[in-house]
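Peer 1: The following file, coords_10.txt, comprises compact mmCIF, C-alpha atoms:
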# COMPACT_ATOMS: atom_id res chain seq x y z
CA MET A 1 -26.01 -5.09 9.14
CA ALA A 2 -22.90 -3.48 10.60
CA GLU A 3 -22.59 0.01 12.04
CA ARG A 4 -18.81 0.17 11.46
CA VAL A 5 -16.44 -1.73 9.19
CA PHE A 6 -12.68 -1.69 9.78
CA LEU A 7 -10.86 -2.58 6.56
CA ILE A 8 -7.13 -3.13 7.09
CA VAL A 9 -4.76 -3.63 4.16
CA LEU A 10 -1.48 -5.37 5.00
CA ASP A 11 0.37 -3.72 2.14
CA SER A 12 1.95 -6.44 -0.10
CA PHE A 13 0.94 -9.48 2.01
CA GLY A 14 0.34 -11.89 -0.87
CA ILE A 15 -0.36 -15.56 -0.20
CA GLY A 16 0.85 -17.27 -3.38
CA GLU A 17 1.33 -16.79 -7.10
CA MET A 18 -1.67 -16.18 -9.33
CA PRO A 19 -2.08 -18.34 -12.47
CA ASP A 20 -0.71 -15.52 -14.64
CA ALA A 21 2.25 -14.74 -12.36
CA ALA A 22 4.78 -15.89 -14.96
CA ASP A 23 3.53 -13.15 -17.32
CA PHE A 24 4.73 -10.64 -14.72
CA GLY A 25 8.03 -12.41 -14.00
CA ASP A 26 6.69 -13.70 -10.69
CA ALA A 27 6.47 -17.48 -11.08
CA GLY A 28 6.94 -19.17 -7.73
CA SER A 29 6.35 -16.06 -5.63
CA ASN A 30 4.66 -16.47 -2.26
CA THR A 31 5.06 -13.76 0.37
CA LEU A 32 3.38 -15.71 3.19
CA ARG A 33 5.46 -18.84 2.53
CA SER A 34 8.70 -16.84 2.54
CA CYS A 35 7.81 -15.30 5.90
CA PHE A 36 6.86 -18.70 7.32
CA LYS A 37 10.14 -20.26 6.21
CA THR A 38 12.10 -17.82 8.40
CA GLY A 39 10.96 -19.82 11.43
CA VAL A 40 10.04 -16.66 13.35
CA LEU A 41 6.45 -16.15 12.10
CA ASN A 42 3.99 -16.34 15.01
CA VAL A 43 0.51 -15.06 14.19
CA PRO A 44 -2.00 -16.91 16.43
CA ASN A 45 -4.79 -14.36 15.95
CA MET A 46 -4.70 -14.48 12.15
CA ARG A 47 -4.38 -18.25 12.35
CA GLY A 48 -7.54 -18.23 14.48
CA LEU A 49 -9.31 -16.23 11.78
CA GLY A 50 -8.43 -18.91 9.22
CA LEU A 51 -5.30 -17.55 7.52
CA PHE A 52 -3.69 -20.97 7.18
CA ASN A 53 -7.00 -22.60 6.19
CA ILE A 54 -7.24 -20.54 2.98
CA ASP A 55 -7.17 -22.49 -0.30
CA GLY A 56 -3.61 -23.00 -1.53
CA VAL A 57 -1.91 -21.97 1.73
CA GLU A 58 0.48 -24.71 2.78
CA ALA A 59 2.44 -22.77 5.41
CA GLY A 60 1.54 -23.00 9.08
CA GLY A 61 -0.94 -25.24 10.86
CA LYS A 62 -4.62 -25.05 9.98
CA CYS A 63 -7.01 -23.88 12.70
CA PRO A 64 -9.53 -26.62 13.56
CA ALA A 65 -12.29 -24.08 14.26
CA PRO A 66 -11.68 -20.67 12.61
CA ARG A 67 -13.48 -17.69 14.14
CA GLY A 68 -14.42 -15.96 10.89
CA SER A 69 -14.82 -16.24 7.14
CA TYR A 70 -11.66 -16.74 5.11
CA GLY A 71 -10.70 -17.01 1.45
CA ARG A 72 -8.43 -15.68 -1.27
CA LEU A 73 -9.00 -13.23 -4.10
CA SER A 74 -7.38 -12.97 -7.52
CA GLU A 75 -6.81 -9.63 -9.22
CA LEU A 76 -8.82 -8.69 -12.30
CA SER A 77 -6.85 -5.51 -13.02
CA LYS A 78 -3.80 -5.64 -15.25
CA GLY A 79 -1.19 -4.77 -12.66
CA LYS A 80 0.36 -5.48 -9.31
CA ASP A 81 0.82 -2.04 -7.77
CA THR A 82 -0.60 -0.13 -4.82
CA THR A 83 -2.98 2.11 -6.73
CA THR A 84 -4.39 -0.66 -8.93
CA GLY A 85 -4.85 -2.98 -5.95
CA HIS A 86 -6.56 -0.45 -3.71
CA TRP A 87 -8.78 0.88 -6.48
CA GLU A 88 -9.95 -2.67 -7.21
CA ILE A 89 -10.56 -3.30 -3.50
CA ALA A 90 -12.82 -0.24 -3.65
CA GLY A 91 -14.65 -1.57 -6.72
CA LEU A 92 -12.74 0.01 -9.61
CA VAL A 93 -11.14 -2.54 -11.95
CA SER A 94 -8.35 -1.13 -14.15
CA GLU A 95 -8.50 -2.72 -17.59
CA LYS A 96 -5.33 -0.98 -18.75
CA PRO A 97 -2.10 -1.06 -16.71
CA PHE A 98 -0.47 2.18 -15.64
CA PRO A 99 2.62 3.01 -17.73
CA THR A 100 6.07 2.07 -16.47
CA PHE A 101 9.45 3.42 -17.55
CA PRO A 102 12.18 0.77 -17.27
CA GLU A 103 14.58 3.01 -19.25
CA GLY A 104 13.71 6.16 -17.29
CA PHE A 105 11.41 8.98 -18.35
CA PRO A 106 11.71 10.46 -21.86
CA GLU A 107 13.40 13.80 -22.39
CA GLU A 108 10.03 15.34 -23.22
CA VAL A 109 8.91 14.73 -19.63
CA ILE A 110 12.20 15.54 -17.91
CA GLY A 111 12.70 18.73 -19.94
CA LYS A 112 9.23 20.03 -19.09
CA PHE A 113 9.75 19.20 -15.42
CA GLU A 114 13.18 20.88 -15.22
CA GLU A 115 11.85 24.00 -16.88
CA ALA A 116 8.80 24.14 -14.62
CA VAL A 117 10.69 23.77 -11.31
CA GLY A 118 13.90 25.56 -12.28
CA ARG A 119 16.18 22.70 -11.20
CA LYS A 120 18.10 20.01 -13.05
CA VAL A 121 17.40 16.28 -12.62
CA LEU A 122 19.77 13.52 -11.48
CA CYS A 123 19.49 9.75 -12.09
CA ASN A 124 16.24 9.27 -14.07
CA LYS A 125 16.28 5.48 -14.05
CA PRO A 126 14.79 2.61 -11.99
CA TYR A 127 16.49 2.52 -8.60
CA SER A 128 16.16 1.35 -5.01
CA GLY A 129 14.95 4.18 -2.82
CA THR A 130 17.70 3.76 -0.24
CA LYS A 131 20.47 3.16 -2.79
CA VAL A 132 19.54 6.16 -4.90
CA ILE A 133 20.16 8.61 -2.05
CA ALA A 134 23.42 6.81 -1.23
CA ASP A 135 24.60 7.14 -4.85
CA TYR A 136 23.24 10.60 -5.71
CA GLY A 137 22.66 12.27 -2.32
CA GLU A 138 25.99 14.10 -2.12
CA GLU A 139 25.73 15.43 -5.68
CA HIS A 140 22.20 16.60 -4.90
CA THR A 141 23.27 18.47 -1.76
CA ARG A 142 26.18 20.03 -3.66
CA THR A 143 24.25 21.12 -6.77
CA GLY A 144 20.60 21.32 -5.72
CA ALA A 145 19.56 19.07 -8.63
CA LEU A 146 16.59 16.84 -7.84
CA ILE A 147 16.93 13.05 -7.68
CA VAL A 148 14.23 11.65 -9.95
CA TYR A 149 13.83 7.89 -10.25
CA THR A 150 11.26 5.19 -10.88
CA SER A 151 10.88 1.47 -10.23
CA ALA A 152 9.09 -1.48 -11.76
CA ASP A 153 5.92 0.23 -10.49
CA SER A 154 4.22 3.10 -12.27
CA VAL A 155 5.84 5.84 -10.18
CA PHE A 156 7.72 9.12 -10.61
CA GLN A 157 9.72 9.60 -7.40
CA ILE A 158 11.50 12.78 -6.34
CA ALA A 159 14.09 12.57 -3.56
CA ALA A 160 15.52 15.69 -1.94
CA HIS A 161 17.38 16.57 1.24
CA GLU A 162 15.19 18.58 3.58
CA SER A 163 17.94 21.18 4.11
CA VAL A 164 18.25 21.69 0.34
CA VAL A 165 14.55 21.51 -0.61
CA PRO A 166 12.06 22.16 2.23
CA VAL A 167 9.34 19.52 2.38
CA ASP A 168 6.56 21.91 1.34
CA LYS A 169 8.59 22.91 -1.72
CA LEU A 170 9.19 19.22 -2.54
CA TYR A 171 5.43 18.65 -2.38
CA GLU A 172 4.98 21.61 -4.72
CA TYR A 173 7.42 20.02 -7.18
CA CYS A 174 5.40 16.79 -6.97
CA HIS A 175 2.20 18.68 -7.78
CA THR A 176 3.99 20.10 -10.81
CA ALA A 177 5.11 16.64 -11.93
CA ARG A 178 1.57 15.33 -11.42
CA GLU A 179 0.25 18.00 -13.80
CA ILE A 180 2.88 17.11 -16.42
CA LEU A 181 2.40 13.34 -16.21
CA THR A 182 -0.79 12.90 -18.20
CA GLY A 183 -1.89 10.84 -21.21
CA ASP A 184 0.70 8.20 -22.13
CA TYR A 185 2.82 9.38 -19.18
CA ALA A 186 0.05 9.18 -16.54
CA VAL A 187 1.89 7.18 -13.87
CA GLY A 188 -0.13 5.85 -10.96
CA ARG A 189 1.74 7.88 -8.36
CA VAL A 190 4.16 10.76 -7.97
CA ILE A 191 5.99 10.26 -4.68
CA ALA A 192 7.89 12.79 -2.55
CA ARG A 193 10.89 11.09 -0.91
CA PRO A 194 12.53 13.54 1.54
CA PHE A 195 15.74 12.54 3.32
CA GLU A 196 18.08 14.10 5.87
CA GLY A 197 21.44 13.86 7.65
CA GLU A 198 24.89 13.30 6.20
CA TYR A 199 26.15 10.31 4.24
CA PRO A 200 24.80 7.66 4.69
CA PHE A 201 21.56 9.64 4.38
CA VAL A 202 18.27 8.45 5.87
CA ARG A 203 14.73 8.90 4.53
CA THR A 204 12.31 10.82 6.73
CA PRO A 205 8.68 9.85 7.47
CA ARG A 206 7.40 12.84 5.49
CA ARG A 207 6.93 10.82 2.30
CA HIS A 208 3.82 11.86 0.40
CA ASP A 209 2.04 10.19 -2.54
CA PHE A 210 0.21 12.10 -5.27
CA SER A 211 -2.08 9.67 -7.08
CA LEU A 212 -4.26 10.02 -10.11
CA LEU A 213 -7.88 10.84 -9.35
CA PRO A 214 -9.94 7.64 -9.72
CA PRO A 215 -11.77 7.95 -13.07
CA ARG A 216 -15.06 6.66 -11.65
CA ASP A 217 -16.79 6.48 -8.30
CA THR A 218 -15.71 3.79 -5.83
CA MET A 219 -17.27 2.39 -2.69
CA LEU A 220 -15.83 5.41 -0.88
CA ASP A 221 -18.01 7.76 -2.94
CA LYS A 222 -21.07 5.55 -2.49
CA LEU A 223 -20.61 5.51 1.28
CA SER A 224 -19.81 9.19 1.78
CA GLY A 225 -22.55 10.13 -0.70
CA SER A 226 -25.08 8.28 1.44
CA GLY A 227 -24.00 10.10 4.60
CA LYS A 228 -21.63 7.48 5.97
CA ASP A 229 -18.24 8.30 7.48
CA VAL A 230 -15.23 7.24 5.39
CA ILE A 231 -12.02 7.46 7.42
CA GLY A 232 -8.71 6.98 5.58
CA ILE A 233 -5.62 6.08 7.62
CA GLY A 234 -2.04 6.02 6.31
CA LYS A 235 -1.73 6.12 2.51
CA ILE A 236 -5.46 5.76 1.83
CA TYR A 237 -6.17 9.47 1.26
CA ASP A 238 -3.25 9.73 -1.16
CA ILE A 239 -4.13 6.56 -3.08
CA PHE A 240 -7.62 7.90 -3.84
CA ALA A 241 -6.53 11.55 -4.14
CA GLY A 242 -9.02 12.26 -1.34
CA LYS A 243 -12.01 11.23 -3.48
CA GLY A 244 -14.86 9.94 -1.33
CA ILE A 245 -13.00 10.34 1.99
CA THR A 246 -14.61 12.38 4.77
CA LEU A 247 -11.83 12.25 7.37
CA CYS A 248 -8.19 11.21 7.23
CA ASP A 249 -4.95 10.79 9.13
CA ARG A 250 -2.01 10.57 6.72
CA LYS A 251 0.77 9.50 9.08
CA ILE A 252 2.90 6.73 7.54
CA GLY A 253 4.15 3.64 9.39
CA ASN A 254 2.67 0.46 10.82
CA ASN A 255 2.96 1.27 14.51
CA GLU A 256 1.62 4.78 14.12
CA ASP A 257 -1.29 3.69 11.92
CA MET A 258 -2.24 0.79 14.17
CA LYS A 259 -2.44 3.27 17.08
CA ILE A 260 -4.56 5.64 15.01
CA THR A 261 -6.91 2.79 14.02
CA SER A 262 -7.28 1.90 17.71
CA LYS A 263 -8.05 5.56 18.42
CA TYR A 264 -10.90 5.56 15.93
CA GLN A 265 -12.15 2.27 17.34
CA GLN A 266 -12.87 4.12 20.59
CA MET A 267 -14.77 6.89 18.77
CA ASP A 268 -18.37 6.93 17.60
CA PHE A 269 -18.81 6.90 13.83
CA SER A 270 -20.98 5.15 11.27
CA GLY A 271 -19.31 3.78 8.17
CA LEU A 272 -15.85 2.66 7.08
CA CYS A 273 -12.42 2.99 8.67
CA PHE A 274 -9.93 2.10 5.91
CA THR A 275 -6.30 1.56 6.98
CA ASN A 276 -3.16 0.85 4.96
CA LEU A 277 -0.13 -0.57 6.81
CA VAL A 278 2.72 0.25 4.44
CA ASP A 279 5.81 -0.99 6.28
CA PHE A 280 5.34 -4.60 5.14
CA ASP A 281 5.93 -3.39 1.59
CA MET A 282 8.15 -0.34 2.02
CA GLN A 283 10.48 -1.55 4.77
CA TYR A 284 10.62 -5.31 4.23
CA GLY A 285 9.16 -6.52 0.92
CA HIS A 286 11.05 -4.20 -1.43
CA ARG A 287 14.19 -4.53 0.68
CA ARG A 288 13.91 -8.33 0.50
CA ASP A 289 14.03 -8.79 4.27
CA PRO A 290 11.95 -11.90 5.12
CA ILE A 291 12.84 -11.89 8.83
CA GLY A 292 11.88 -8.24 9.17
CA TYR A 293 8.64 -8.94 7.29
CA ALA A 294 7.78 -11.90 9.54
CA ASN A 295 8.49 -9.90 12.69
CA ALA A 296 6.29 -7.06 11.42
CA LEU A 297 3.48 -9.57 10.90
CA ASN A 298 4.02 -10.79 14.47
CA GLU A 299 3.73 -7.21 15.75
CA PHE A 300 0.53 -6.67 13.80
CA ASP A 301 -0.93 -9.93 15.07
CA GLU A 302 -0.19 -8.99 18.69
CA TRP A 303 -1.95 -5.65 18.16
CA LEU A 304 -4.80 -7.45 16.39
CA GLY A 305 -5.59 -9.52 19.48
CA GLY A 306 -6.21 -6.38 21.52
CA PHE A 307 -8.19 -4.75 18.72
CA MET A 308 -10.51 -7.73 18.31
CA GLY A 309 -11.09 -7.81 22.06
CA LYS A 310 -12.42 -4.23 21.96
CA MET A 311 -14.73 -4.58 18.95
CA ARG A 312 -18.35 -3.59 19.46
CA PRO A 313 -21.16 -6.10 18.81
CA ASP A 314 -22.05 -4.49 15.46
CA ASP A 315 -18.45 -3.99 14.24
CA VAL A 316 -16.94 -6.01 11.39
CA LEU A 317 -13.21 -6.40 10.72
CA ILE A 318 -11.79 -7.22 7.28
CA ILE A 319 -8.09 -7.97 6.77
CA THR A 320 -6.62 -8.18 3.28
CA ALA A 321 -3.73 -7.03 1.03
CA ASP A 322 -3.30 -5.18 -2.28
CA HIS A 323 -0.64 -7.32 -4.07
CA GLY A 324 2.42 -9.36 -3.11
CA CYS A 325 6.05 -8.39 -2.49
CA ASP A 326 7.78 -11.69 -1.81
CA PRO A 327 10.90 -10.90 0.25
CA CYS A 328 12.66 -13.99 -1.15
CA HIS A 329 11.84 -13.37 -4.82
CA SER A 330 14.38 -12.03 -7.30
CA GLY A 331 14.66 -8.28 -7.77
CA THR A 332 12.89 -5.73 -5.60
CA ASP A 333 9.51 -5.49 -7.35
CA HIS A 334 5.97 -6.34 -6.24
CA THR A 335 4.78 -9.85 -7.06
CA ARG A 336 1.56 -10.96 -8.75
CA GLU A 337 -0.17 -12.97 -5.99
CA TYR A 338 -3.52 -13.87 -4.52
CA ILE A 339 -4.50 -11.77 -1.50
CA PRO A 340 -6.04 -13.07 1.72
CA LEU A 341 -9.54 -12.21 2.86
CA LEU A 342 -10.29 -12.56 6.57
CA ILE A 343 -13.67 -11.32 7.90
CA TYR A 344 -14.59 -11.26 11.59
CA GLY A 345 -17.57 -10.05 13.60
CA ASN A 346 -20.40 -11.26 15.80
CA GLU A 347 -22.70 -11.92 12.85
CA ILE A 348 -20.02 -13.29 10.49
CA ALA A 349 -20.29 -17.02 9.83
CA ALA A 350 -17.13 -19.10 10.15
CA GLU A 351 -16.77 -20.48 6.62
CA ASN A 352 -14.37 -21.07 3.78
CA LEU A 353 -15.14 -18.54 1.03
CA GLY A 354 -12.86 -20.39 -1.37
CA THR A 355 -11.11 -18.65 -4.27
CA ARG A 356 -12.94 -15.70 -5.81
CA ALA A 357 -12.15 -13.56 -8.85
CA GLY A 358 -11.76 -9.87 -8.14
CA PHE A 359 -10.53 -7.76 -5.26
CA ASP A 360 -13.80 -5.87 -5.83
CA ASN A 361 -15.54 -8.61 -3.84
CA ILE A 362 -14.39 -6.56 -0.86
CA ALA A 363 -16.24 -3.44 -2.06
CA LYS A 364 -19.42 -5.49 -2.54
CA THR A 365 -19.03 -6.96 0.95
CA VAL A 366 -18.43 -3.58 2.62
CA LEU A 367 -21.37 -1.94 0.86
CA SER A 368 -23.62 -4.85 1.78
CA LEU A 369 -22.51 -4.82 5.41
CA LEU A 370 -23.20 -1.07 5.68
CA GLY A 371 -26.57 -1.30 3.99
Please rewrite the model in this file as structure tokens.
Peer 2:
Amino acid sequence: MAERVFLIVLDSFGIGEMPDAADFGDAGSNTLRSCFKTGVLNVPNMRGLGLFNIDGVEAGGKCPAPRGSYGRLSELSKGKDTTTGHWEIAGLVSEKPFPTFPEGFPEEVIGKFEEAVGRKVLCNKPYSGTKVIADYGEEHTRTGALIVYTSADSVFQIAAHESVVPVDKLYEYCHTAREILTGDYAVGRVIARPFEGEYPFVRTPRRHDFSLLPPRDTMLDKLSGSGKDVIGIGKIYDIFAGKGITLCDRKIGNNEDMKITSKYQQMDFSGLCFTNLVDFDMQYGHRRDPIGYANALNEFDEWLGGFMGKMRPDDVLIITADHGCDPCHSGTDHTREYIPLLIYGNEIAAENLGTRAGFDNIAKTVLSLLG
């Protein structure tokens, strides 16, 4: 039995198309392979844990003697987004996909939102987050109208310049949108997207996600309800709307969240430390930057070596993902892929776990490890 489990999600690090990938427009997608083909991928610590030994992984050289258990998981939920993936990791399978709005949100929604916040809306269509502020940022700063956009994911995103709409006010607008977006319009996330500067504008790190409340208990509730600590780092608190989490640090960014995870490693607690590293997805996957993605994996792997060296005898480390976002695939959307499962600790046998159905295998493993 473990005293502490560190669960780290490499956001969007898929390892190859699932059998139903074509149904999602993702035939041929493989995030790991695309990163490997750049020629810059160098992840000796994950290789040592068995990353390249996983079923179906043809990139990289296999490790002759992996140090932990390794395998791949297929998704049972009908989706390929952050909320669906994390909820399933925590034991909650979503039978029905969250709604998406490829033509933008209907007037019924936009009208209610404009009336509630007292501002007009710009854009209202699927858009790249960086391109939308380039195309609409100046009109927004001139008129005060809010930039509302979506993507192939189930999201309602509001972008605003921090000098026009203070961040706290933007968060308030997101709360308002969250209250409006119910029933058939219940998107997985409402996202605040603040930006600053003059053209070309830049997004600030004060992004904030407002997710739906999970409809049923997850492993987080089971752990916290039994007196265990549940620490959420990065987007974790937002993804679960705080449900089941006892302590959190909501800073966003790989480097920051790796440092925070290391900080908690040095502290005494009993339970789960659950970290999301979002830059793989946000900075490199959606922007279709395979070299940037590969270099970010290299940075994580270098940090990982130090982290593993400081683990306590009764610690267990689990590394996984929540979906794919192949940086060489068409478009800018997530991709329907298997996710890796790497488990390491003193009492963890070095074995091939094969291919298993359900990200919720992770919830079962965490709950078992923590008794």
Peer 1: Identify, on the basis of only C-alpha atoms, every residue whose closest approach to segment 207-218 of chain A does not exceed 6 Å; exclude the query and any residue fewer than 2 positions from it along the same chain; express the result as a PyMOL selection string.
Peer 2: chain A and resi 90-91+188-193+205+220-221+238-239+241
Peer 1: Just how far from atom CA of Lys235 of chain A is atom CA of Gln283 of chain A, in Å to one decimal?
Peer 2: 14.6 Å
Peer 1: Sorted by chain and rising residue number, list the residues of segment 310-338 of chain A at most 12 Å from segment 111-130 of chain A (counting all atoms listed in the file), each with its closest atom pair and distance in Å to one decimal, as a Markdown table.
Peer 2:
| residue | atom | partner | partner_atom | distance |
| --- | --- | --- | --- | --- |
| A:Gly331 | CA | A:Ser128 | CA | 10.1 |
| A:Thr332 | CA | A:Ser128 | CA | 7.8 |
| A:Asp333 | CA | A:Ser128 | CA | 9.8 |
Peer 1: Write out as an MDAnalysis selection string the residues lying within 9 Å of Val109 of chain A, counting all atoms listed in the file and excluding same-chain residues fewer than 6 positions away.
Peer 2: chainID A and resid 177 180:181 185
Peer 1: By how many Å are atom CA of Thr335 of chain A and atom CA of Phe195 of chain A apart?
Peer 2: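 That distance, rounded to one decimal, is 27.0 Å.
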Peer 1: Nearest residue to Asp26 of chain A out of A:Ser69, A:Ser330, A:Ser154, A:Ser94, using only C-alpha atoms?
Peer 2: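 Closest to Asp26 of chain A, using only C-alpha atoms: A:Ser330.
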Peer 1: With distances taken over only C-alpha atoms, which residue among A:Phe240, A:Phe105, A:Phe359, A:Phe24 lies nearest Gly79 of chain A?
Peer 2: A:Phe24
Peer 1: Distance atom CA of Ala160 of chain A-atom CA of Tyr136 of chain A, one decimal place?
Peer 2: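 Straight-line distance from atom CA of Ala160 of chain A to atom CA of Tyr136 of chain A works out to 10.0 Å.
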Peer 1: Using only C-alpha atoms, determine which residues lie at most 8 Å from segment 31-35 of chain A, disregarding the query and same-chain residues fewer than 6 positions distant; provide the list as a compact mmCIF listing (two decimals) with C-alpha atoms, in the frame of the given file.
Peer 2:
# COMPACT_ATOMS: atom_id res chain seq x y z
CA SER A 12 1.95 -6.44 -0.10
CA PHE A 13 0.94 -9.48 2.01
CA GLY A 14 0.34 -11.89 -0.87
CA ILE A 15 -0.36 -15.56 -0.20
CA GLY A 16 0.85 -17.27 -3.38
CA LEU A 41 6.45 -16.15 12.10
CA GLU A 58 0.48 -24.71 2.78
CA ALA A 59 2.44 -22.77 5.41
CA PRO A 290 11.95 -11.90 5.12
CA ILE A 291 12.84 -11.89 8.83
CA TYR A 293 8.64 -8.94 7.29
CA ALA A 294 7.78 -11.90 9.54
CA GLY A 324 2.42 -9.36 -3.11
CA CYS A 325 6.05 -8.39 -2.49
CA ASP A 326 7.78 -11.69 -1.81
CA PRO A 327 10.90 -10.90 0.25
CA CYS A 328 12.66 -13.99 -1.15
Peer 1: Counting all atoms listed in the file, what is within 10 Å of Pro313 of chain A, bar same-chain residues fewer than 6 positions away, as a list in words?
Peer 2: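 Everything that qualifies: Ala2, Glu3, Arg4, Gly345, Asn346 and Glu347 of chain A.
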Peer 1: In terms of the shortest atom-to-atom distance over all atoms listed in the file, which of A:Lys251, A:Lys222, A:Lys243, A:His161 is closest to Arg142 of chain A?
Peer 2: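 Nearest to Arg142 of chain A: A:His161.
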Peer 1: For a cut-off of 9 Å around (-12.5, -2.5, -10.6), file coordinates, pick out all residues using all atoms listed in the file and list them as a ChimeraX atom specification.
Peer 2: /A:76-77,84-85,87-95,218,358-360
Peer 1: Neighbours of Tyr199 of chain A within 9 Å (all atoms listed in the file; same-chain residues fewer than 3 positions away dropped), as a list in words?
Peer 2: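 Once the nearby chain positions are removed, what remains is Ile133, Ala134, Gly137, Glu138 and Val202 of chain A.
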